[in-house]
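Q: Input structure: my_file24.cif, which contains mmCIF, C-alpha atoms.
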data_upload
loop_
_atom_site.label_atom_id
_atom_site.label_comp_id
_atom_site.auth_asym_id
_atom_site.auth_seq_id
_atom_site.Cartn_x
_atom_site.Cartn_y
_atom_site.Cartn_z
CA MET A 101 72.01 71.18 32.85
CA LYS A 102 70.39 72.06 36.17
CA LYS A 103 73.18 70.33 38.12
CA ILE A 104 75.92 72.30 36.33
CA ARG A 105 74.19 75.65 37.09
CA LYS A 106 73.88 74.75 40.79
CA ARG A 107 77.58 73.94 41.08
CA GLY A 108 78.35 77.28 39.40
CA ASN A 109 76.25 79.12 41.99
CA ILE A 110 78.04 77.44 44.85
CA LEU A 111 81.43 78.39 43.40
CA THR A 112 80.38 82.05 42.92
CA LYS A 113 79.06 82.20 46.48
CA ASN A 114 82.30 80.78 47.83
CA ILE A 115 84.39 83.23 45.84
CA ILE A 116 82.29 86.19 47.03
CA PHE A 117 82.58 84.90 50.61
CA ILE A 118 86.37 84.57 50.39
CA VAL A 119 86.77 87.96 48.67
CA LEU A 120 84.65 89.66 51.34
CA ASN A 121 86.68 88.00 54.09
CA LEU A 122 89.94 89.06 52.49
CA ALA A 123 88.69 92.60 51.99
CA PHE A 124 87.63 92.71 55.60
CA LEU A 125 90.98 91.46 56.90
CA THR A 126 92.87 93.85 54.60
CA ILE A 127 90.92 96.84 55.94
CA LEU A 128 91.62 95.68 59.49
CA LEU A 129 95.34 95.28 58.83
CA LEU A 130 95.51 98.68 57.11
CA PHE A 131 93.87 100.23 60.15
CA LEU A 132 96.38 98.54 62.48
CA PHE A 133 99.40 99.64 60.41
CA SER A 134 98.06 103.18 60.09
CA LYS A 135 97.67 103.39 63.87
CA THR A 136 101.07 101.94 64.77
CA GLY A 137 102.96 104.17 62.33
CA SER A 138 100.85 107.29 62.76
CA ALA A 139 102.51 110.69 63.01
CA ALA A 140 101.18 111.25 66.53
CA VAL A 141 102.69 108.00 67.84
CA LEU A 142 106.06 108.68 66.19
CA GLU A 143 106.10 112.28 67.42
CA GLU A 144 105.61 111.16 71.01
CA LYS A 145 108.15 108.34 70.70
CA TYR A 146 110.93 110.53 69.32
CA THR A 147 110.18 113.51 71.56
CA LYS A 148 110.63 111.42 74.69
CA GLN A 149 113.56 109.47 73.28
CA ILE A 150 115.47 112.67 72.45
CA ALA A 151 114.60 114.25 75.82
CA PHE A 152 115.98 111.25 77.75
CA MET A 153 119.02 111.06 75.51
CA VAL A 154 119.79 114.67 76.39
CA ASP A 155 119.14 114.03 80.09
CA ALA A 156 121.73 111.26 80.06
CA ALA A 157 124.26 113.19 77.96
CA GLU A 158 127.35 115.15 78.97
CA PRO A 159 128.67 118.32 77.34
CA GLY A 160 131.01 117.47 74.45
CA MET A 161 128.94 114.58 73.17
CA ILE A 162 127.54 114.24 69.66
CA ILE A 163 124.63 111.78 69.52
CA HIS A 164 123.31 110.29 66.28
CA LEU A 165 119.71 109.08 66.20
CA ASN A 166 118.20 107.05 63.36
CA MET A 167 114.81 108.59 62.58
CA GLU A 168 114.21 107.01 59.18
CA ASP A 169 110.53 106.19 59.74
CA ALA A 170 109.78 109.65 61.12
CA ILE A 171 111.64 111.40 58.29
CA GLU A 172 109.75 109.35 55.66
CA LYS A 173 106.47 110.23 57.34
CA ALA A 174 107.33 113.93 57.47
CA VAL A 175 108.34 114.04 53.81
CA LYS A 176 105.02 112.39 52.85
CA GLU A 177 103.22 115.04 54.89
CA GLY A 178 105.15 117.82 53.16
CA ILE A 179 107.33 118.79 56.14
CA ASN A 180 110.93 119.80 55.49
CA PRO A 181 113.16 117.17 57.21
CA SER A 182 115.35 119.93 58.66
CA ASN A 183 112.33 121.27 60.57
CA ILE A 184 111.24 118.00 62.22
CA VAL A 185 113.07 118.50 65.52
CA SER A 186 113.15 121.87 67.19
CA ILE A 187 114.53 122.81 70.60
CA ASN A 188 113.29 125.85 72.47
CA GLY A 189 115.08 126.33 75.80
CA ASN A 190 114.76 122.92 77.44
CA VAL A 191 111.73 121.79 75.43
CA ILE A 192 112.03 119.34 72.52
CA THR A 193 109.36 119.41 69.82
CA VAL A 194 109.02 116.85 67.04
CA LYS A 195 106.65 117.76 64.21
CA LEU A 196 105.80 115.19 61.53
CA SER A 197 102.47 116.46 60.32
CA GLY A 198 101.01 119.80 59.36
CA LYS A 199 97.64 118.94 60.89
CA GLY A 200 96.93 120.80 64.14
CA SER A 201 99.11 120.61 67.20
CA ASN A 202 99.69 117.43 69.18
CA PRO A 203 100.29 118.17 72.88
CA LYS A 204 102.36 114.98 73.16
CA SER A 205 104.81 116.21 70.52
CA SER A 206 106.81 118.29 73.00
CA TYR A 207 108.65 117.25 76.17
CA SER A 208 111.11 118.96 78.48
CA PHE A 209 114.51 117.74 79.64
CA PHE A 210 116.08 118.64 83.00
CA ASN A 211 119.76 118.50 81.97
CA ASP A 212 120.81 122.16 81.80
CA VAL A 213 122.92 121.95 78.65
CA LYS A 214 122.84 123.55 75.21
CA VAL A 215 121.54 121.22 72.52
CA ASP A 216 121.75 121.72 68.77
CA ALA A 217 119.59 119.43 66.64
CA ASN A 218 120.83 118.90 63.08
CA PHE A 219 119.44 116.88 60.20
CA ASP A 220 122.11 114.66 58.67
CA THR A 221 122.02 115.78 55.04
CA LEU A 222 124.45 113.06 53.93
CA ASN A 223 122.51 109.90 54.72
CA LYS A 224 119.12 111.66 55.14
CA LYS A 225 118.04 109.11 57.76
CA GLU A 226 119.45 110.55 60.94
CA TYR A 227 119.44 113.53 63.20
CA TYR A 228 122.50 114.34 65.26
CA PHE A 229 122.53 116.29 68.50
CA VAL A 230 125.49 118.34 69.64
CA ILE A 231 125.59 118.73 73.41
CA SER A 232 127.57 121.64 74.83
CA GLU A 233 127.77 123.67 78.02
CA LYS A 234 125.43 126.64 78.38
CA MET B 236 67.59 69.33 55.55
CA ASN B 237 67.61 72.76 53.91
CA LYS B 238 71.31 72.97 53.09
CA ILE B 239 71.27 76.40 51.41
CA GLY B 240 69.33 77.93 54.31
CA THR B 241 71.85 76.53 56.82
CA GLU B 242 74.78 77.86 54.77
CA LYS B 243 73.23 81.35 54.73
CA ILE B 244 72.78 81.32 58.50
CA ILE B 245 76.37 80.14 59.00
CA SER B 246 77.58 82.85 56.65
CA ILE B 247 75.65 85.57 58.57
CA TYR B 248 77.01 84.31 61.89
CA TRP B 249 80.50 84.24 60.40
CA PHE B 250 80.29 87.92 59.46
CA VAL B 251 78.77 88.82 62.82
CA ILE B 252 81.70 87.13 64.57
CA LEU B 253 84.15 88.87 62.22
CA PHE B 254 82.64 92.26 62.99
CA ILE B 255 82.77 91.59 66.73
CA VAL B 256 86.43 90.55 66.49
CA ALA B 257 87.24 93.57 64.30
CA ALA B 258 85.44 95.95 66.66
CA ALA B 259 87.39 94.52 69.61
CA ILE B 260 90.71 94.87 67.76
CA VAL B 261 89.89 98.45 66.68
CA TYR B 262 88.87 99.39 70.23
CA MET B 263 91.99 97.84 71.79
CA THR B 264 94.32 99.41 69.22
CA ALA B 265 92.72 102.84 69.51
CA SER B 266 92.82 102.77 73.30
CA PHE B 267 96.44 101.46 73.38
CA TYR B 268 97.86 103.95 70.88
CA GLY B 269 95.62 106.76 72.11
CA LYS B 270 97.30 106.67 75.51
CA PRO B 271 100.78 108.12 76.01
CA TYR B 272 103.84 106.01 76.81
CA ASP B 273 104.52 106.18 80.54
CA THR B 274 108.23 106.91 80.60
CA ARG B 275 108.44 108.53 84.02
CA GLN B 276 110.30 105.58 85.57
CA ILE B 277 113.19 106.17 83.12
CA GLU B 278 113.07 109.91 83.75
CA VAL B 279 113.14 109.59 87.54
CA GLU B 280 116.11 107.18 87.31
CA LEU B 281 117.98 109.64 85.07
CA LEU B 282 117.27 112.45 87.54
CA SER B 283 118.56 110.35 90.41
CA ASP B 284 121.72 109.44 88.43
CA LYS B 285 122.31 113.10 87.59
CA ALA B 286 122.07 114.09 91.27
CA ALA B 287 124.38 111.24 92.34
CA ASP B 288 126.99 112.18 89.70
CA CYS B 289 126.84 115.76 90.90
CA ILE B 290 127.57 115.05 94.56
CA SER B 291 129.95 112.14 94.28
CA TYR B 292 132.63 111.03 91.84
CA ALA B 293 134.59 107.76 91.97
CA GLY B 294 133.32 107.06 95.49
CA PHE B 295 134.30 110.43 96.94
CA LEU B 296 132.15 113.47 97.72
CA ARG B 297 132.84 116.40 95.46
CA GLU B 298 134.37 119.56 96.89
CA GLY B 299 131.95 121.89 98.66
CA VAL B 300 128.97 119.54 98.72
CA LEU B 301 128.37 119.71 102.47
CA THR B 302 128.12 123.49 102.56
CA GLN B 303 125.20 125.92 102.67
CA GLY B 304 126.37 127.42 99.38
CA PHE B 305 125.81 124.07 97.66
CA ASN B 306 122.26 123.91 99.03
CA ASP B 307 121.51 127.48 97.91
CA ASN B 308 122.77 126.94 94.35
CA PHE B 309 122.06 123.23 94.08
CA LEU B 310 120.30 123.28 90.68
CA GLU B 311 122.82 125.63 89.05
CA THR B 312 125.81 123.73 90.44
CA CYS B 313 124.44 120.39 89.23
CA ASP B 314 123.31 121.77 85.83
CA ILE B 315 119.69 120.86 86.46
CA ASN B 316 116.80 122.84 85.02
CA PHE B 317 113.35 122.08 86.44
CA GLY B 318 111.54 124.27 83.90
CA ALA B 319 108.91 122.57 81.75
CA GLU B 320 106.88 123.26 78.65
CA ASP B 321 103.98 125.67 78.87
CA SER B 322 101.17 123.12 78.81
CA TYR B 323 98.75 121.77 81.43
CA GLY B 324 99.90 124.54 83.82
CA TRP B 325 103.33 122.93 84.18
CA THR B 326 105.04 126.30 84.40
CA ASP B 327 103.11 127.21 87.59
CA GLU B 328 104.46 124.34 89.69
CA SER B 329 107.53 122.24 89.05
CA GLU B 330 106.95 118.72 87.78
CA TYR B 331 110.11 117.49 89.55
CA PHE B 332 111.30 117.00 93.09
CA LEU B 333 114.73 116.12 94.39
CA GLN B 334 115.92 115.66 97.98
CA ILE B 335 119.34 114.50 99.10
CA ASN B 336 120.11 113.53 102.70
CA PHE B 337 123.56 112.84 104.12
CA TYR B 338 123.86 110.52 107.14
CA ASP B 339 126.84 109.56 109.24
CA PHE B 340 127.73 106.00 108.22
CA ASP B 341 128.65 104.74 111.71
CA SER B 342 125.49 105.94 113.46
CA TYR B 343 123.13 105.28 110.55
CA GLN B 344 120.24 102.98 111.41
CA ASP B 345 117.39 103.98 109.14
CA ALA B 346 116.29 106.89 106.99
CA SER B 347 113.83 108.15 109.64
CA GLN B 348 116.64 109.57 111.78
CA ASN B 349 117.76 113.17 111.30
CA SER B 350 120.30 113.64 108.57
CA LEU B 351 123.54 115.58 108.96
CA PHE B 352 122.81 117.69 105.91
CA GLU B 353 119.92 118.03 103.50
CA VAL B 354 119.58 119.49 100.02
CA SER B 355 116.26 119.76 98.23
CA ALA B 356 114.79 121.39 95.14
CA GLY B 357 111.63 121.34 93.07
CA ASN B 358 108.01 120.85 94.03
CA GLN B 359 107.94 119.79 97.72
CA LYS B 360 104.29 118.70 97.40
CA LEU B 361 105.28 115.72 95.26
CA LYS B 362 107.00 114.10 98.24
CA ASP B 363 103.65 113.62 99.99
CA PHE B 364 102.34 111.49 97.12
CA CYS B 365 105.28 109.11 97.08
CA GLN B 366 103.57 106.67 99.44
CA LEU B 367 100.64 106.36 97.05
CA LYS B 368 100.57 104.04 94.08
CA GLY B 369 98.52 104.71 90.98
CA LYS B 370 98.53 106.22 87.53
CA SER B 371 97.48 109.67 88.73
CA PHE B 372 100.32 110.03 91.20
CA PRO B 373 103.95 111.03 90.68
CA ILE B 374 106.58 108.33 90.18
CA CYS B 375 109.11 108.33 93.00
CA LEU B 376 112.48 106.70 93.48
CA GLU B 377 114.67 106.30 96.56
CA ARG B 378 118.32 105.37 96.23
CA ARG B 379 121.11 105.11 98.77
CA PHE B 380 124.84 104.83 98.40
CA TYR B 381 128.00 104.95 100.47
CA THR B 382 130.64 107.59 99.97
CA LEU B 383 133.71 109.14 101.58
CA ASP B 384 134.83 112.72 101.87
CA LYS B 385 138.47 113.80 101.30
CA ASP B 386 139.23 113.28 105.02
CA GLY B 387 138.00 109.68 104.91
CA GLU B 388 134.72 110.38 106.75
CA LYS B 389 132.08 107.87 105.73
CA TYR B 390 128.56 108.87 104.71
CA ILE B 391 125.33 107.27 103.57
CA VAL B 392 123.66 109.41 100.91
CA LYS B 393 119.95 109.00 100.29
CA ILE B 394 118.44 110.48 97.11
CA ASN B 395 114.68 110.86 96.80
CA SER B 396 113.47 111.92 93.40
CA ALA B 397 110.01 112.34 91.93
CA VAL B 398 108.55 113.16 88.52
CA LYS B 399 104.90 114.14 88.03
CA LYS B 400 104.15 114.88 84.34
CA ILE B 401 100.94 112.84 84.62
CA GLU B 402 99.16 114.44 81.66
CA LYS B 403 101.81 113.39 79.14
CA ASN B 404 102.44 109.95 80.57
CA SER B 405 99.45 108.24 82.06
CA GLN B 406 96.19 109.76 80.90
#
Translate this structure into structure tokens?
A:
Amino acid sequence: MKKIRKRGNILTKNIIFIVLNLAFLTILLLFLFSKTGSAAVLEEKYTKQIAFMVDAAEPGMIIHLNMEDAIEKAVKEGINPSNIVSINGNVITVKLSGKGSNPKSSYSFFNDVKVDANFDTLNKKEYYFVISEK
Amino acid sequence: MNKIGTEKIISIYWFVILFIVAAAIVYMTASFYGKPYDTRQIEVELLSDKAADCISYAGFLREGVLTQGFNDNFLETCDINFGAEDSYGWTDESEYFLQINFYDFDSYQDASQNSLFEVSAGNQKLKDFCQLKGKSFPICLERRFYTLDKDGEKYIVKINSAVKKIEKNSQ
């Protein structure tokens, strides 16, 4: 009888140990994923990407940019997808979260052209930028 | 041997090691994603390309490039806007610098000699930092190319460009 109880204790200990380890690793992975896909990181990524796209563009071009991950994030945060990208003069701003203001979410471009940012309402994954002369 | 006692000690050490590893991963991730992407090298290359496209096309200098009028209205003619967003005092001083020197191809030896014609725009102070390397200095780029004018005169064109924007790229 004693022997059976002892084996049972060892098994319970092992299960608790494994469960704790798994819980620990899960929390760690969740932290990593939350950091890599955070609104602040995506805002900076897309702001700079759009600014350099415009810098390299010529008037007459229409550029499509897949922003699926950013659009999903914005919708979760309650932001209207049409308001994610805004352009004021030569400054691009990408807003994916309603919390405070992120200084890295805006970036200027030096190409002196007129840029219109439009949310693609058909596939709901893209933004397209119409480049024209000022 | 006290087997249960040993197992407990091993288990405590195991969790201590796990916490150390987790703390290191959290620290590295937070410091990596907390810093901005340094994209100034791309930006300075784009600026240099833009200037080159403006002064030369298909190997020939564009009309009116070697004139004082071009120098006076350089930014407008080339569709370049050095304005920046109103943060970190970027509107007080330009975050860009661009200098273009034209040399006679036949007598050209090195860039230290006087150029035939020079065009520059932006924050002149940035040029002084181009010799220095480091995260808190502007990123600079020097490019040279050969071109002809409509009369067949040969030139070496040197483009120096610099982008500062330190606060949003390397802090």
Q: As a check of understanding, name the residues that the PyMOL selection byres ((chain B) within 9 of (chain A)) selects in the supplied structure, as a VMD selection string.
A: chain B and resid 246 250 253 to 254 257 260 to 261 264 to 265 268 to 269 271 to 272 274 277 to 278 281 to 282 284 to 285 310 to 311 313 to 320 322 331 403 to 404
Q: Please save C-alpha atoms of the selected residues as an mmCIF file, keeping the file's coordinate frame.
A:
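Written output follows (part_25.cif):
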data_model
loop_
_atom_site.group_PDB
_atom_site.id
_atom_site.type_symbol
_atom_site.label_atom_id
_atom_site.label_comp_id
_atom_site.auth_asym_id
_atom_site.auth_seq_id
_atom_site.Cartn_x
_atom_site.Cartn_y
_atom_site.Cartn_z
ATOM 1 C CA SER B 246 77.580 82.850 56.650
ATOM 2 C CA PHE B 250 80.290 87.920 59.460
ATOM 3 C CA LEU B 253 84.150 88.870 62.220
ATOM 4 C CA PHE B 254 82.640 92.260 62.990
ATOM 5 C CA ALA B 257 87.240 93.570 64.300
ATOM 6 C CA ILE B 260 90.710 94.870 67.760
ATOM 7 C CA VAL B 261 89.890 98.450 66.680
ATOM 8 C CA THR B 264 94.320 99.410 69.220
ATOM 9 C CA ALA B 265 92.720 102.840 69.510
ATOM 10 C CA TYR B 268 97.860 103.950 70.880
ATOM 11 C CA GLY B 269 95.620 106.760 72.110
ATOM 12 C CA PRO B 271 100.780 108.120 76.010
ATOM 13 C CA TYR B 272 103.840 106.010 76.810
ATOM 14 C CA THR B 274 108.230 106.910 80.600
ATOM 15 C CA ILE B 277 113.190 106.170 83.120
ATOM 16 C CA GLU B 278 113.070 109.910 83.750
ATOM 17 C CA LEU B 281 117.980 109.640 85.070
ATOM 18 C CA LEU B 282 117.270 112.450 87.540
ATOM 19 C CA ASP B 284 121.720 109.440 88.430
ATOM 20 C CA LYS B 285 122.310 113.100 87.590
ATOM 21 C CA LEU B 310 120.300 123.280 90.680
ATOM 22 C CA GLU B 311 122.820 125.630 89.050
ATOM 23 C CA CYS B 313 124.440 120.390 89.230
ATOM 24 C CA ASP B 314 123.310 121.770 85.830
ATOM 25 C CA ILE B 315 119.690 120.860 86.460
ATOM 26 C CA ASN B 316 116.800 122.840 85.020
ATOM 27 C CA PHE B 317 113.350 122.080 86.440
ATOM 28 C CA GLY B 318 111.540 124.270 83.900
ATOM 29 C CA ALA B 319 108.910 122.570 81.750
ATOM 30 C CA GLU B 320 106.880 123.260 78.650
ATOM 31 C CA SER B 322 101.170 123.120 78.810
ATOM 32 C CA TYR B 331 110.110 117.490 89.550
ATOM 33 C CA LYS B 403 101.810 113.390 79.140
ATOM 34 C CA ASN B 404 102.440 109.950 80.570
#
Q: Go through A:Ala139, A:Phe219, A:Leu130, A:Asn114 and flag the residue nearest Ser197 of chain A, using all atoms listed in the file for the distances.
A: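 Among the listed residues, the smallest separation from Ser197 of chain A belongs to A:Ala139.
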Q: Could you write out as a list in words the residues that the PyMOL selection byres ((chain B and resi 352-359) around 6) matches in the shown file?
A: Asn306, Ser329, Tyr331, Phe332, Leu333, Gln334, Ile335, Asn336, Phe337, Ser350, Leu351, Lys360, Leu361 and Lys362 of chain B
Q: Residues at most 12 Å from Asp220 of chain A, counting all atoms listed in the file, excluding those fewer than 3 positions away in the same chain, as a PDB file with C-alpha atoms, in the frame of the given file?
A:
ATOM      1  CA  ILE A 163     124.630 111.780  69.520  1.00  0.00           C
ATOM      2  CA  HIS A 164     123.310 110.290  66.280  1.00  0.00           C
ATOM      3  CA  LEU A 165     119.710 109.080  66.200  1.00  0.00           C
ATOM      4  CA  ASN A 166     118.200 107.050  63.360  1.00  0.00           C
ATOM      5  CA  MET A 167     114.810 108.590  62.580  1.00  0.00           C
ATOM      6  CA  GLU A 168     114.210 107.010  59.180  1.00  0.00           C
ATOM      7  CA  ILE A 171     111.640 111.400  58.290  1.00  0.00           C
ATOM      8  CA  PRO A 181     113.160 117.170  57.210  1.00  0.00           C
ATOM      9  CA  SER A 182     115.350 119.930  58.660  1.00  0.00           C
ATOM     10  CA  ASN A 183     112.330 121.270  60.570  1.00  0.00           C
ATOM     11  CA  ILE A 184     111.240 118.000  62.220  1.00  0.00           C
ATOM     12  CA  VAL A 185     113.070 118.500  65.520  1.00  0.00           C
ATOM     13  CA  ALA A 217     119.590 119.430  66.640  1.00  0.00           C
ATOM     14  CA  ASN A 223     122.510 109.900  54.720  1.00  0.00           C
ATOM     15  CA  LYS A 224     119.120 111.660  55.140  1.00  0.00           C
ATOM     16  CA  LYS A 225     118.040 109.110  57.760  1.00  0.00           C
ATOM     17  CA  GLU A 226     119.450 110.550  60.940  1.00  0.00           C
ATOM     18  CA  TYR A 227     119.440 113.530  63.200  1.00  0.00           C
ATOM     19  CA  TYR A 228     122.500 114.340  65.260  1.00  0.00           C
ATOM     20  CA  PHE A 229     122.530 116.290  68.500  1.00  0.00           C
TER      21      PHE A 229
END
Q: Starting from the PyMOL selection byres ((chain B and resi 341) around 10), expand the selection into actual residues of this file and give them as a PyMOL selection string.
A: chain B and resi 338-340+342-344+388-391
Q: For atom CA of Tyr381 of chain B and atom CA of Arg297 of chain B, determine how far apart the two atoms are, in Å to one decimal place.
A: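 Distance reported for this atom pair: 13.4 Å.
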Q: Please report the interatomic distance between atom CA of Lys199 of chain A and atom CA of Thr326 of chain B in Å with one decimal.
A: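 Result for atom CA of Lys199 of chain A versus atom CA of Thr326 of chain B: 25.7 Å, one decimal.
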Q: Report, in Å to a single decimal, how far apart atom CA of Ala287 of chain B and atom CA of Pro159 of chain A are.
A: 17.1 Å
Q: Could segment 258-275 of chain B be completed with N, CA, C and O atoms and written as a PDB file, keeping the file's coordinate frame, please?
A:
ATOM      1  N   ALA B 258      85.761  94.843  65.745  1.00  0.00           N
ATOM      2  CA  ALA B 258      85.440  95.950  66.660  1.00  0.00           C
ATOM      3  C   ALA B 258      86.316  95.888  67.896  1.00  0.00           C
ATOM      4  O   ALA B 258      86.824  96.924  68.363  1.00  0.00           O
ATOM      5  N   ALA B 259      86.545  94.670  68.411  1.00  0.00           N
ATOM      6  CA  ALA B 259      87.390  94.520  69.610  1.00  0.00           C
ATOM      7  C   ALA B 259      88.819  94.941  69.300  1.00  0.00           C
ATOM      8  O   ALA B 259      89.446  95.656  70.094  1.00  0.00           O
ATOM      9  N   ILE B 260      89.328  94.516  68.131  1.00  0.00           N
ATOM     10  CA  ILE B 260      90.710  94.870  67.760  1.00  0.00           C
ATOM     11  C   ILE B 260      90.830  96.391  67.579  1.00  0.00           C
ATOM     12  O   ILE B 260      91.776  97.010  68.067  1.00  0.00           O
ATOM     13  N   VAL B 261      89.862  96.996  66.899  1.00  0.00           N
ATOM     14  CA  VAL B 261      89.890  98.450  66.680  1.00  0.00           C
ATOM     15  C   VAL B 261      89.852  99.188  68.023  1.00  0.00           C
ATOM     16  O   VAL B 261      90.632 100.117  68.260  1.00  0.00           O
ATOM     17  N   TYR B 262      88.992  98.736  68.913  1.00  0.00           N
ATOM     18  CA  TYR B 262      88.870  99.390  70.230  1.00  0.00           C
ATOM     19  C   TYR B 262      90.194  99.280  71.004  1.00  0.00           C
ATOM     20  O   TYR B 262      90.691 100.263  71.546  1.00  0.00           O
ATOM     21  N   MET B 263      90.748  98.054  71.024  1.00  0.00           N
ATOM     22  CA  MET B 263      91.990  97.840  71.790  1.00  0.00           C
ATOM     23  C   MET B 263      93.140  98.666  71.200  1.00  0.00           C
ATOM     24  O   MET B 263      93.902  99.287  71.929  1.00  0.00           O
ATOM     25  N   THR B 264      93.241  98.654  69.871  1.00  0.00           N
ATOM     26  CA  THR B 264      94.320  99.410  69.220  1.00  0.00           C
ATOM     27  C   THR B 264      94.179 100.904  69.482  1.00  0.00           C
ATOM     28  O   THR B 264      95.145 101.573  69.845  1.00  0.00           O
ATOM     29  N   ALA B 265      92.948 101.397  69.307  1.00  0.00           N
ATOM     30  CA  ALA B 265      92.720 102.840  69.510  1.00  0.00           C
ATOM     31  C   ALA B 265      93.010 103.231  70.949  1.00  0.00           C
ATOM     32  O   ALA B 265      93.630 104.265  71.209  1.00  0.00           O
ATOM     33  N   SER B 266      92.597 102.393  71.906  1.00  0.00           N
ATOM     34  CA  SER B 266      92.820 102.770  73.300  1.00  0.00           C
ATOM     35  C   SER B 266      94.309 102.634  73.663  1.00  0.00           C
ATOM     36  O   SER B 266      94.841 103.440  74.419  1.00  0.00           O
ATOM     37  N   PHE B 267      95.011 101.645  73.079  1.00  0.00           N
ATOM     38  CA  PHE B 267      96.440 101.460  73.380  1.00  0.00           C
ATOM     39  C   PHE B 267      97.269 102.606  72.796  1.00  0.00           C
ATOM     40  O   PHE B 267      98.085 103.212  73.494  1.00  0.00           O
ATOM     41  N   TYR B 268      97.061 102.904  71.514  1.00  0.00           N
ATOM     42  CA  TYR B 268      97.860 103.950  70.880  1.00  0.00           C
ATOM     43  C   TYR B 268      97.360 105.355  71.191  1.00  0.00           C
ATOM     44  O   TYR B 268      98.055 106.336  70.948  1.00  0.00           O
ATOM     45  N   GLY B 269      96.156 105.458  71.721  1.00  0.00           N
ATOM     46  CA  GLY B 269      95.620 106.760  72.110  1.00  0.00           C
ATOM     47  C   GLY B 269      96.211 107.240  73.420  1.00  0.00           C
ATOM     48  O   GLY B 269      96.222 108.426  73.716  1.00  0.00           O
ATOM     49  N   LYS B 270      96.712 106.299  74.224  1.00  0.00           N
ATOM     50  CA  LYS B 270      97.300 106.670  75.510  1.00  0.00           C
ATOM     51  C   LYS B 270      98.796 106.936  75.355  1.00  0.00           C
ATOM     52  O   LYS B 270      99.447 106.284  74.531  1.00  0.00           O
ATOM     53  N   PRO B 271      99.338 107.854  76.150  1.00  0.00           N
ATOM     54  CA  PRO B 271     100.780 108.120  76.010  1.00  0.00           C
ATOM     55  C   PRO B 271     101.632 107.010  76.625  1.00  0.00           C
ATOM     56  O   PRO B 271     101.152 106.251  77.472  1.00  0.00           O
ATOM     57  N   TYR B 272     102.896 106.944  76.189  1.00  0.00           N
ATOM     58  CA  TYR B 272     103.840 106.010  76.810  1.00  0.00           C
ATOM     59  C   TYR B 272     104.187 106.559  78.186  1.00  0.00           C
ATOM     60  O   TYR B 272     104.528 107.733  78.302  1.00  0.00           O
ATOM     61  N   ASP B 273     104.124 105.718  79.204  1.00  0.00           N
ATOM     62  CA  ASP B 273     104.520 106.180  80.540  1.00  0.00           C
ATOM     63  C   ASP B 273     106.014 105.948  80.713  1.00  0.00           C
ATOM     64  O   ASP B 273     106.469 104.825  80.943  1.00  0.00           O
ATOM     65  N   THR B 274     106.769 107.017  80.571  1.00  0.00           N
ATOM     66  CA  THR B 274     108.230 106.910  80.600  1.00  0.00           C
ATOM     67  C   THR B 274     108.819 107.541  81.866  1.00  0.00           C
ATOM     68  O   THR B 274     110.021 107.787  81.927  1.00  0.00           O
ATOM     69  N   ARG B 275     107.973 107.807  82.842  1.00  0.00           N
ATOM     70  CA  ARG B 275     108.440 108.530  84.020  1.00  0.00           C
ATOM     71  C   ARG B 275     109.449 107.731  84.853  1.00  0.00           C
ATOM     72  O   ARG B 275     110.291 108.304  85.539  1.00  0.00           O
TER      73      ARG B 275
END
